[in-house]
$ cat protein.pdb   # PDB, C-alpha atoms, pLDDT in the B column
ATOM      1  CA  MET D 202    -162.923  67.525 -75.203  1.00 42.00           C
ATOM      2  CA  LYS D 203    -165.639  67.584 -72.577  1.00 43.00           C
ATOM      3  CA  LEU D 204    -165.020  68.374 -68.963  1.00 44.00           C
ATOM      4  CA  LYS D 205    -167.315  66.704 -66.454  1.00 46.00           C
ATOM      5  CA  TYR D 206    -167.142  67.133 -62.739  1.00 45.00           C
ATOM      6  CA  THR D 207    -169.335  66.420 -59.793  1.00 48.00           C
ATOM      7  CA  LEU D 208    -169.021  68.372 -56.594  1.00 45.00           C
ATOM      8  CA  GLU D 209    -171.234  67.848 -53.605  1.00 52.00           C
ATOM      9  CA  GLY D 210    -171.439  70.197 -50.645  1.00 57.00           C
ATOM     10  CA  ALA D 211    -169.184  73.213 -50.298  1.00 62.00           C
ATOM     11  CA  GLU D 212    -171.507  75.396 -52.362  1.00 71.00           C
ATOM     12  CA  ASN D 213    -169.121  78.355 -52.370  1.00 67.00           C
ATOM     13  CA  VAL D 214    -166.330  76.199 -53.872  1.00 64.00           C
ATOM     14  CA  LYS D 215    -168.717  74.801 -56.461  1.00 66.00           C
ATOM     15  CA  LYS D 216    -169.860  78.307 -57.371  1.00 70.00           C
ATOM     16  CA  ALA D 217    -166.243  79.518 -57.680  1.00 66.00           C
ATOM     17  CA  ILE D 218    -165.298  76.643 -59.992  1.00 65.00           C
ATOM     18  CA  GLU D 219    -168.341  77.290 -62.178  1.00 71.00           C
ATOM     19  CA  GLU D 220    -167.476  80.985 -62.302  1.00 70.00           C
ATOM     20  CA  LEU D 221    -163.884  80.216 -63.296  1.00 67.00           C
ATOM     21  CA  LEU D 222    -165.044  77.913 -66.084  1.00 70.00           C
ATOM     22  CA  ALA D 223    -167.360  80.656 -67.311  1.00 73.00           C
ATOM     23  CA  ARG D 224    -164.389  83.059 -67.365  1.00 77.00           C
ATOM     24  CA  GLU D 225    -162.339  80.931 -69.760  1.00 82.00           C
ATOM     25  CA  LYS D 226    -162.979  83.501 -72.495  1.00 86.00           C
ATOM     26  CA  ASP D 227    -161.438  86.219 -70.279  1.00 87.00           C
ATOM     27  CA  VAL D 228    -158.386  84.059 -69.549  1.00 86.00           C
ATOM     28  CA  LYS D 229    -157.882  83.360 -73.256  1.00 89.00           C
ATOM     29  CA  ALA D 230    -158.105  87.091 -73.962  1.00 91.00           C
ATOM     30  CA  GLU D 231    -155.448  87.804 -71.317  1.00 90.00           C
ATOM     31  CA  VAL D 232    -153.157  85.112 -72.763  1.00 90.00           C
ATOM     32  CA  MET D 233    -153.414  86.611 -76.258  1.00 94.00           C
ATOM     33  CA  ASN D 234    -153.088  90.173 -74.941  1.00 93.00           C
ATOM     34  CA  SER D 235    -149.863  89.284 -73.136  1.00 93.00           C
ATOM     35  CA  ALA D 236    -148.480  87.451 -76.168  1.00 94.00           C
ATOM     36  CA  LEU D 237    -149.124  90.471 -78.375  1.00 96.00           C
ATOM     37  CA  ASN D 238    -147.499  92.754 -75.770  1.00 96.00           C
ATOM     38  CA  ILE D 239    -144.392  90.530 -75.796  1.00 95.00           C
ATOM     39  CA  GLN D 240    -144.312  90.578 -79.604  1.00 96.00           C
ATOM     40  CA  LYS D 241    -144.607  94.373 -79.677  1.00 97.00           C
ATOM     41  CA  GLU D 242    -141.881  94.868 -77.044  1.00 96.00           C
ATOM     42  CA  ALA D 243    -139.509  92.403 -78.759  1.00 95.00           C
ATOM     43  CA  ARG D 244    -139.910  94.264 -82.055  1.00 95.00           C
ATOM     44  CA  LYS D 245    -139.328  97.590 -80.269  1.00 95.00           C
ATOM     45  CA  ARG D 246    -136.159  96.250 -78.646  1.00 94.00           C
ATOM     46  CA  LEU D 247    -134.751  95.268 -82.037  1.00 93.00           C
ATOM     47  CA  ARG D 248    -135.460  98.775 -83.305  1.00 91.00           C
ATOM     48  CA  ASP D 249    -133.853 100.296 -80.200  1.00 91.00           C
ATOM     49  CA  TYR D 250    -130.723  98.169 -80.743  1.00 84.00           C
ATOM     50  CA  GLU D 251    -130.646  99.502 -84.279  1.00 77.00           C
ATOM     51  CA  ALA D 252    -130.344  95.835 -85.205  1.00 66.00           C
ATOM     52  CA  ILE D 253    -132.637  96.183 -88.198  1.00 74.00           C
ATOM     53  CA  ASP D 254    -131.149  95.788 -91.645  1.00 81.00           C
ATOM     54  CA  THR D 255    -133.977  94.538 -93.844  1.00 84.00           C
ATOM     55  CA  GLY D 256    -136.572  94.143 -91.070  1.00 89.00           C
ATOM     56  CA  HIS D 257    -136.936  90.414 -91.740  1.00 91.00           C
ATOM     57  CA  LEU D 258    -136.179  89.324 -88.162  1.00 93.00           C
ATOM     58  CA  ARG D 259    -138.529  91.933 -86.728  1.00 94.00           C
ATOM     59  CA  ARG D 260    -141.373  90.916 -89.057  1.00 95.00           C
ATOM     60  CA  SER D 261    -140.735  87.234 -88.384  1.00 95.00           C
ATOM     61  CA  ILE D 262    -141.646  87.492 -84.668  1.00 95.00           C
ATOM     62  CA  LEU D 263    -145.045  85.819 -84.691  1.00 95.00           C
ATOM     63  CA  VAL D 264    -147.671  84.825 -82.135  1.00 95.00           C
ATOM     64  CA  ASP D 265    -149.297  81.404 -82.446  1.00 93.00           C
ATOM     65  CA  SER D 266    -152.253  80.436 -80.272  1.00 91.00           C
ATOM     66  CA  LEU D 267    -152.024  76.947 -78.729  1.00 88.00           C
ATOM     67  CA  GLU D 268    -154.170  74.742 -76.507  1.00 84.00           C
ATOM     68  CA  SER D 269    -157.429  76.317 -77.698  1.00 86.00           C
ATOM     69  CA  GLY D 270    -156.209  79.774 -76.773  1.00 85.00           C
ATOM     70  CA  LEU D 271    -154.963  78.996 -73.262  1.00 85.00           C
ATOM     71  CA  ALA D 272    -151.315  79.231 -74.354  1.00 88.00           C
ATOM     72  CA  CYS D 273    -149.309  81.062 -77.004  1.00 91.00           C
ATOM     73  CA  GLU D 274    -145.963  80.586 -78.680  1.00 92.00           C
ATOM     74  CA  ILE D 275    -144.020  83.726 -79.516  1.00 93.00           C
ATOM     75  CA  GLY D 276    -140.808  83.811 -81.477  1.00 93.00           C
ATOM     76  CA  PRO D 277    -139.025  84.528 -84.727  1.00 95.00           C
ATOM     77  CA  THR D 278    -139.330  82.318 -87.770  1.00 95.00           C
ATOM     78  CA  ALA D 279    -136.045  83.759 -89.081  1.00 93.00           C
ATOM     79  CA  GLY D 280    -133.404  81.120 -88.501  1.00 91.00           C
ATOM     80  CA  TYR D 281    -130.846  83.615 -87.236  1.00 90.00           C
ATOM     81  CA  GLY D 282    -133.097  84.926 -84.451  1.00 93.00           C
ATOM     82  CA  PRO D 283    -131.335  82.947 -81.687  1.00 93.00           C
ATOM     83  CA  TYR D 284    -127.930  84.245 -82.828  1.00 92.00           C
ATOM     84  CA  VAL D 285    -129.125  87.822 -82.362  1.00 92.00           C
ATOM     85  CA  GLU D 286    -130.757  87.037 -78.988  1.00 94.00           C
ATOM     86  CA  PHE D 287    -127.852  85.091 -77.481  1.00 95.00           C
ATOM     87  CA  GLY D 288    -124.877  86.124 -79.614  1.00 95.00           C
ATOM     88  CA  THR D 289    -122.199  83.625 -80.607  1.00 93.00           C
ATOM     89  CA  ARG D 290    -118.778  82.647 -79.463  1.00 95.00           C
ATOM     90  CA  PRO D 291    -115.927  83.226 -81.915  1.00 95.00           C
ATOM     91  CA  HIS D 292    -116.262  80.785 -84.804  1.00 93.00           C
ATOM     92  CA  PHE D 293    -115.806  80.846 -88.560  1.00 92.00           C
ATOM     93  CA  PRO D 294    -119.274  81.076 -90.150  1.00 89.00           C
ATOM     94  CA  PRO D 295    -120.025  79.755 -93.620  1.00 89.00           C
ATOM     95  CA  PRO D 296    -119.239  82.615 -96.045  1.00 89.00           C
ATOM     96  CA  ASP D 297    -122.226  81.729 -98.241  1.00 90.00           C
ATOM     97  CA  ALA D 298    -124.583  82.553 -95.364  1.00 85.00           C
ATOM     98  CA  LEU D 299    -123.217  86.128 -95.192  1.00 89.00           C
ATOM     99  CA  GLU D 300    -122.493  86.824 -98.856  1.00 91.00           C
ATOM    100  CA  ALA D 301    -125.774  88.642 -99.629  1.00 88.00           C
ATOM    101  CA  TRP D 302    -125.537  90.691 -96.421  1.00 86.00           C
ATOM    102  CA  ALA D 303    -121.933  91.674 -97.169  1.00 90.00           C
ATOM    103  CA  ARG D 304    -122.742  92.796-100.718  1.00 91.00           C
ATOM    104  CA  HIS D 305    -125.797  94.726 -99.457  1.00 89.00           C
ATOM    105  CA  HIS D 306    -123.432  96.635 -97.146  1.00 89.00           C
ATOM    106  CA  GLY D 307    -120.839  97.420 -99.801  1.00 92.00           C
ATOM    107  CA  PHE D 308    -118.350  94.588 -99.231  1.00 92.00           C
ATOM    108  CA  ASP D 309    -116.951  92.734-102.240  1.00 93.00           C
ATOM    109  CA  SER D 310    -116.880  89.518-100.255  1.00 92.00           C
ATOM    110  CA  ALA D 311    -118.136  88.058 -96.972  1.00 92.00           C
ATOM    111  CA  TRP D 312    -114.592  87.075 -95.914  1.00 93.00           C
ATOM    112  CA  PRO D 313    -113.872  90.204 -93.827  1.00 92.00           C
ATOM    113  CA  ILE D 314    -117.128  89.678 -91.904  1.00 91.00           C
ATOM    114  CA  CYS D 315    -116.380  85.985 -91.425  1.00 92.00           C
ATOM    115  CA  ARG D 316    -112.902  86.824 -90.122  1.00 94.00           C
ATOM    116  CA  ALA D 317    -114.306  89.375 -87.646  1.00 94.00           C
ATOM    117  CA  ILE D 318    -116.843  86.827 -86.360  1.00 94.00           C
ATOM    118  CA  ALA D 319    -114.080  84.218 -86.118  1.00 94.00           C
ATOM    119  CA  GLU D 320    -112.034  86.592 -83.952  1.00 95.00           C
ATOM    120  CA  HIS D 321    -114.750  88.217 -81.832  1.00 96.00           C
ATOM    121  CA  GLY D 322    -118.007  86.303 -82.201  1.00 95.00           C
ATOM    122  CA  VAL D 323    -121.301  88.159 -82.391  1.00 92.00           C
ATOM    123  CA  PRO D 324    -122.461  90.148 -79.333  1.00 94.00           C
ATOM    124  CA  GLU D 325    -125.845  89.273 -77.863  1.00 94.00           C
ATOM    125  CA  LYS D 326    -128.768  91.619 -78.409  1.00 94.00           C
ATOM    126  CA  PRO D 327    -131.540  90.124 -76.277  1.00 95.00           C
ATOM    127  CA  TYR D 328    -134.949  91.154 -77.510  1.00 94.00           C
ATOM    128  CA  LEU D 329    -137.375  88.301 -76.783  1.00 94.00           C
ATOM    129  CA  PHE D 330    -136.522  87.205 -73.227  1.00 93.00           C
ATOM    130  CA  PRO D 331    -136.448  90.760 -71.825  1.00 95.00           C
ATOM    131  CA  ALA D 332    -139.847  91.352 -73.449  1.00 95.00           C
ATOM    132  CA  LEU D 333    -141.146  88.198 -71.756  1.00 93.00           C
ATOM    133  CA  ASP D 334    -139.669  89.223 -68.396  1.00 92.00           C
ATOM    134  CA  GLY D 335    -141.323  92.627 -68.617  1.00 92.00           C
ATOM    135  CA  GLU D 336    -144.771  91.179 -69.354  1.00 92.00           C
ATOM    136  CA  GLN D 337    -144.746  88.178 -67.032  1.00 90.00           C
ATOM    137  CA  ARG D 338    -145.537  90.052 -63.795  1.00 90.00           C
ATOM    138  CA  LYS D 339    -148.322  92.083 -65.427  1.00 92.00           C
ATOM    139  CA  PHE D 340    -149.881  88.906 -66.856  1.00 89.00           C
ATOM    140  CA  ILE D 341    -149.885  87.196 -63.463  1.00 88.00           C
ATOM    141  CA  GLU D 342    -151.443  90.267 -61.824  1.00 89.00           C
ATOM    142  CA  ARG D 343    -154.239  90.339 -64.413  1.00 89.00           C
ATOM    143  CA  LEU D 344    -154.927  86.619 -63.926  1.00 84.00           C
ATOM    144  CA  GLU D 345    -154.975  87.061 -60.141  1.00 84.00           C
ATOM    145  CA  LYS D 346    -157.529  89.858 -60.560  1.00 87.00           C
ATOM    146  CA  LEU D 347    -159.720  87.581 -62.707  1.00 83.00           C
ATOM    147  CA  LEU D 348    -159.458  84.869 -60.044  1.00 78.00           C
ATOM    148  CA  GLU D 349    -160.359  87.299 -57.264  1.00 80.00           C
ATOM    149  CA  GLU D 350    -163.400  88.499 -59.215  1.00 78.00           C
ATOM    150  CA  ALA D 351    -164.474  84.895 -59.812  1.00 71.00           C
ATOM    151  CA  LEU D 352    -164.189  84.036 -56.129  1.00 69.00           C
ATOM    152  CA  LYS D 353    -166.266  87.007 -54.917  1.00 68.00           C
TER     153      LYS D 353
END

$ encode --input "protein.pdb" --output "structure tokens"
Amino acid sequence: MKLKYTLEGAENVKKAIEELLAREKDVKAEVMNSALNIQKEARKRLRDYEAIDTGHLRRSILVDSLESGLACEIGPTAGYGPYVEFGTRPHFPPPDALEAWARHHGFDSAWPICRAIAEHGVPEKPYLFPALDGEQRKFIERLEKLLEEALK
């Protein structure tokens, strides 16, 4: 994709736009830096919750660069990630989904776990959204600093 623009007059505005375009590499670096900070904090939060059994959820939190580096997607590839983040209301889960976990923890069957979830649900343990909230302000401040430097 090629960007073409024509700007006549207002030399300071033209210079600022050219400077911003030249700083695209710096913006991409800040985007990736923030994404990696969010990933690191989310993994730390899971450890702090002592919500790590095998470490699969923690390892599954990945960063994917999008839009030629101007955006990133951060999140778990483990299918149960949202259930840890948001918790669940009381419901009866499929026993097959919990059978391996139950046996790993010394249960003969997943039925006692299923019954407990049916009665109480699963409490939320937010790890990703708090990590995002903590990084968001810092990211904006760093971008504002880049903009200020470009406009000097």

$ resolve_selection --input "protein.pdb" --expression "the PyMOL selection byres ((chain D and resi 302) around 12)" --output "PyMOL selection string"
chain D and resi 254-255+296-301+303-315

$ residues_near_point --input "protein.pdb" --point "(-115.6, 85.7, -82.7)" --cutoff "12 Å" --atoms "only C-alpha atoms" --output "list in words"
Gly288, Thr289, Arg290, Pro291, His292, Phe293, Pro294, Ile314, Cys315, Arg316, Ala317, Ile318, Ala319, Glu320, His321, Gly322, Val323, Pro324 and Glu325 of chain D

$ write_last_selection --input "protein.pdb" --atoms "C-alpha atoms" --output "PDB file, in the coordinates of the input"
ATOM      1  CA  GLY D 288    -124.877  86.124 -79.614  1.00 95.00           C
ATOM      2  CA  THR D 289    -122.199  83.625 -80.607  1.00 93.00           C
ATOM      3  CA  ARG D 290    -118.778  82.647 -79.463  1.00 95.00           C
ATOM      4  CA  PRO D 291    -115.927  83.226 -81.915  1.00 95.00           C
ATOM      5  CA  HIS D 292    -116.262  80.785 -84.804  1.00 93.00           C
ATOM      6  CA  PHE D 293    -115.806  80.846 -88.560  1.00 92.00           C
ATOM      7  CA  PRO D 294    -119.274  81.076 -90.150  1.00 89.00           C
ATOM      8  CA  ILE D 314    -117.128  89.678 -91.904  1.00 91.00           C
ATOM      9  CA  CYS D 315    -116.380  85.985 -91.425  1.00 92.00           C
ATOM     10  CA  ARG D 316    -112.902  86.824 -90.122  1.00 94.00           C
ATOM     11  CA  ALA D 317    -114.306  89.375 -87.646  1.00 94.00           C
ATOM     12  CA  ILE D 318    -116.843  86.827 -86.360  1.00 94.00           C
ATOM     13  CA  ALA D 319    -114.080  84.218 -86.118  1.00 94.00           C
ATOM     14  CA  GLU D 320    -112.034  86.592 -83.952  1.00 95.00           C
ATOM     15  CA  HIS D 321    -114.750  88.217 -81.832  1.00 96.00           C
ATOM     16  CA  GLY D 322    -118.007  86.303 -82.201  1.00 95.00           C
ATOM     17  CA  VAL D 323    -121.301  88.159 -82.391  1.00 92.00           C
ATOM     18  CA  PRO D 324    -122.461  90.148 -79.333  1.00 94.00           C
ATOM     19  CA  GLU D 325    -125.845  89.273 -77.863  1.00 94.00           C
TER      20      GLU D 325
END

$ residues_around --input "protein.pdb" --residues "segment 344-346 of chain D" --least-positions-apart "5" --cutoff "12 Å" --atoms "all atoms listed in the file" --output "NGL selection string"
:D and (221 or 224-225 or 227-232 or 234-235 or 337-339 or 351-353)

$ closest_atom_pairs --input "protein.pdb" --of "segment 313-340 of chain D" --to "segment 266-286 of chain D" --cutoff "10 Å" --atoms "all atoms listed in the file" --output "tab-separated table"
residue	atom	partner	partner_atom	distance
D:Val323	CA	D:Tyr284	CA	7.7
D:Pro324	CA	D:Val285	CA	7.7
D:Glu325	CA	D:Glu286	CA	5.5
D:Lys326	CA	D:Glu286	CA	5.0
D:Pro327	CA	D:Glu286	CA	4.2
D:Tyr328	CA	D:Glu286	CA	6.1
D:Leu329	CA	D:Glu286	CA	7.1
D:Phe330	CA	D:Glu286	CA	8.2
D:Pro331	CA	D:Glu286	CA	9.9
D:Leu333	CA	D:Ile275	CA	9.4

$ closest_residue --input "protein.pdb" --among "D:Glu350, D:Asp334, D:Glu342, D:Asp265" --to "Ala223 of chain D" --atoms "all atoms listed in the file"
D:Glu350

$ axis_aligned_box --input "protein.pdb" --around "segment 319-335 of chain D" --padding-each-side "6 Å" --output "lines of an AutoDock Vina configuration file"
center_x = -126.7
center_y = 88.4
center_z = -77.3
size_x = 41.3
size_y = 20.4
size_z = 29.7

$ atom_distance --input "protein.pdb" --atom1 "atom CA of Arg260 of chain D" --atom2 "atom CA of Pro295 of chain D"
24.5 Å

$ closest_residue --input "protein.pdb" --among "D:Leu348, D:Phe340, D:Ile253, D:Leu222" --to "Ala236 of chain D" --atoms "only C-alpha atoms"
D:Phe340

$ atom_distance --input "protein.pdb" --atom1 "atom CA of His257 of chain D" --atom2 "atom CA of Asn238 of chain D"
19.3 Å

$ atom_distance --input "protein.pdb" --atom1 "atom CA of Arg259 of chain D" --atom2 "atom CA of Arg244 of chain D"
5.4 Å
